[in-house]
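Engineer: Quick one: the structure is below, questions incoming.
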Amino acid sequence: MYFTDLTHFLDAKGAIAPKIGPARRLAEFLGGVVAAASAQERGVATEPVLCRNRKCRRPITSTIAGDNAIEWVCAKCGEQGRITNWRRSFWDLSEGR
Ligand SMILES: [Zn+2]
C-alpha cells in the first residue's frame, strides 16, 4: 500500500520534481492516476492507467474516497495506494480548475 502526498513530488511551480529514475516514474504514474480519477469524477473517460508493477502492467482502477483521497488498486497483482493533496494540482481534471 502506497500512501502518497502528491505535493511531495512537485516543485514550487507544480511540475514533477524528480527528473530521472524510479522517483520520476512513480511521479508520472501518480500523475496519470490523478488525471484519470479526476476526469472520471467529471464523467469523462480516459485511457486506462497501467499498473506500475512491470511484471503486471494491467489497467488499475481508481476511485475518489469520502475524504477526497484517490484510492487506486490493481485487481491483478493487488498493488494499491492512496493519493492525497492532489486537488488543484496540474493533473486535477475535475470541475473547478
Ligand atoms: Zn498490477
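Simple scheme: letters A, B, ... for chains in C-alpha cells order, numbers from 1 for residues in each chain, numbers from 1 for ligands in the order shown.
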Give as a list of chain:residue names the residues surrounding ligand 1 up to a distance of 10 Å, considering only C-alpha atoms and all ligand atoms.

Structural biologist: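 Selection of residues at most 10 Å from ligand 1: A:Leu50, A:Cys51, A:Arg52, A:Asn53, A:Arg54, A:Lys55, A:Cys56, A:Arg57, A:Arg58, A:Pro59, A:Ile60, A:Val73, A:Cys74, A:Ala75, A:Lys76, A:Cys77, A:Gly78, A:Glu79, A:Gln80.
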
Engineer: Fewer than 6 positions away in the same chain doesn't count, so skip those; otherwise give me all residues within 8 Å of Ile83 (chain A), counting only C-alpha atoms, as a list in words.

Structural biologist: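 Near neighbours after the sequence-gap exclusion: Phe3, Thr4, Asp5, Leu6, Leu30, Val34, Ala69, Ile70 and Glu71 of chain A.
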
Engineer: Taking only C-alpha atoms into account, name the residue in A:Gly81, A:Gly43, A:Gly66, A:Gly32 that is nearest to Ile16 (chain A).

Structural biologist: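 The answer is A:Gly32, which sits nearest to Ile16 (chain A).
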
Engineer: Per DSSP on the backbone, filter region 15-84 of chain A down to the residues in strand (DSSP E or B) and report them as JSON, numbers by chain.

Structural biologist: {"A": [16, 50, 59, 61, 62, 63, 64, 70, 71, 72, 73, 80, 81, 82, 83, 84]}

Engineer: Counting only C-alpha atoms, what are the residues of region 14-41 of chain A within 12 Å of region 86-92 of chain A, and for each of them which pair of atoms is the nearest and at what distance in Å, to one decimal? Sort the table by chain and rising number, as a Markdown table.

Structural biologist:
```
| residue | atom | partner | partner_atom | distance |
| --- | --- | --- | --- | --- |
| A:Gly14 | CA | A:Phe90 | CA | 6.6 |
| A:Ala15 | CA | A:Phe90 | CA | 7.4 |
| A:Ile16 | CA | A:Phe90 | CA | 9.4 |
| A:Ala27 | CA | A:Trp91 | CA | 11.2 |
| A:Glu28 | CA | A:Trp91 | CA | 10.2 |
| A:Phe29 | CA | A:Trp91 | CA | 11.1 |
| A:Leu30 | CA | A:Trp91 | CA | 9.2 |
| A:Gly31 | CA | A:Trp91 | CA | 5.8 |
| A:Gly32 | CA | A:Trp91 | CA | 7.4 |
| A:Val33 | CA | A:Trp91 | CA | 8.7 |
| A:Val34 | CA | A:Trp91 | CA | 5.9 |
| A:Ala35 | CA | A:Trp91 | CA | 4.8 |
| A:Ala36 | CA | A:Trp91 | CA | 8.6 |
| A:Ala37 | CA | A:Asp92 | CA | 8.6 |
| A:Ser38 | CA | A:Asp92 | CA | 5.8 |
| A:Ala39 | CA | A:Asp92 | CA | 7.7 |
| A:Gln40 | CA | A:Asp92 | CA | 10.7 |
| A:Glu41 | CA | A:Asp92 | CA | 10.2 |
```

Engineer: Could the residues in this selection be written to a file with C-alpha atoms, as an mmCIF file, in the first residue's frame?

Structural biologist:
```cif
data_model
loop_
_atom_site.group_PDB
_atom_site.id
_atom_site.type_symbol
_atom_site.label_atom_id
_atom_site.label_comp_id
_atom_site.auth_asym_id
_atom_site.auth_seq_id
_atom_site.Cartn_x
_atom_site.Cartn_y
_atom_site.Cartn_z
ATOM 1 C CA GLY A 14 3.780 22.391 -9.572
ATOM 2 C CA ALA A 15 5.832 20.368 -12.024
ATOM 3 C CA ILE A 16 7.167 16.894 -11.307
ATOM 4 C CA ALA A 27 5.582 10.561 -10.030
ATOM 5 C CA GLU A 28 4.426 10.082 -13.627
ATOM 6 C CA PHE A 29 2.337 7.108 -12.609
ATOM 7 C CA LEU A 30 0.726 9.075 -9.787
ATOM 8 C CA GLY A 31 0.011 11.992 -12.116
ATOM 9 C CA GLY A 32 -1.703 9.615 -14.517
ATOM 10 C CA VAL A 33 -3.818 8.165 -11.725
ATOM 11 C CA VAL A 34 -4.853 11.658 -10.597
ATOM 12 C CA ALA A 35 -5.764 12.695 -14.152
ATOM 13 C CA ALA A 36 -7.835 9.554 -14.701
ATOM 14 C CA ALA A 37 -9.634 9.663 -11.361
ATOM 15 C CA SER A 38 -10.422 13.369 -11.542
ATOM 16 C CA ALA A 39 -11.643 13.139 -15.153
ATOM 17 C CA GLN A 40 -13.780 10.189 -14.126
ATOM 18 C CA GLU A 41 -15.305 12.378 -11.401
#
```

Engineer: What does the distance between CA of Gly21 (chain A) and CA of Thr63 (chain A) come to in Å, to one decimal place?

Structural biologist: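 Between these atoms lies a distance of 27.4 Å.
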
Engineer: Point out the residue among A:Arg25, A:Ser94, A:Val44, A:Asn68 with the least atom-to-atom distance to Phe9 (chain A), counting only C-alpha atoms.

Structural biologist: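 Checking each candidate against Phe9 (chain A), we get A:Arg25 as the closest.
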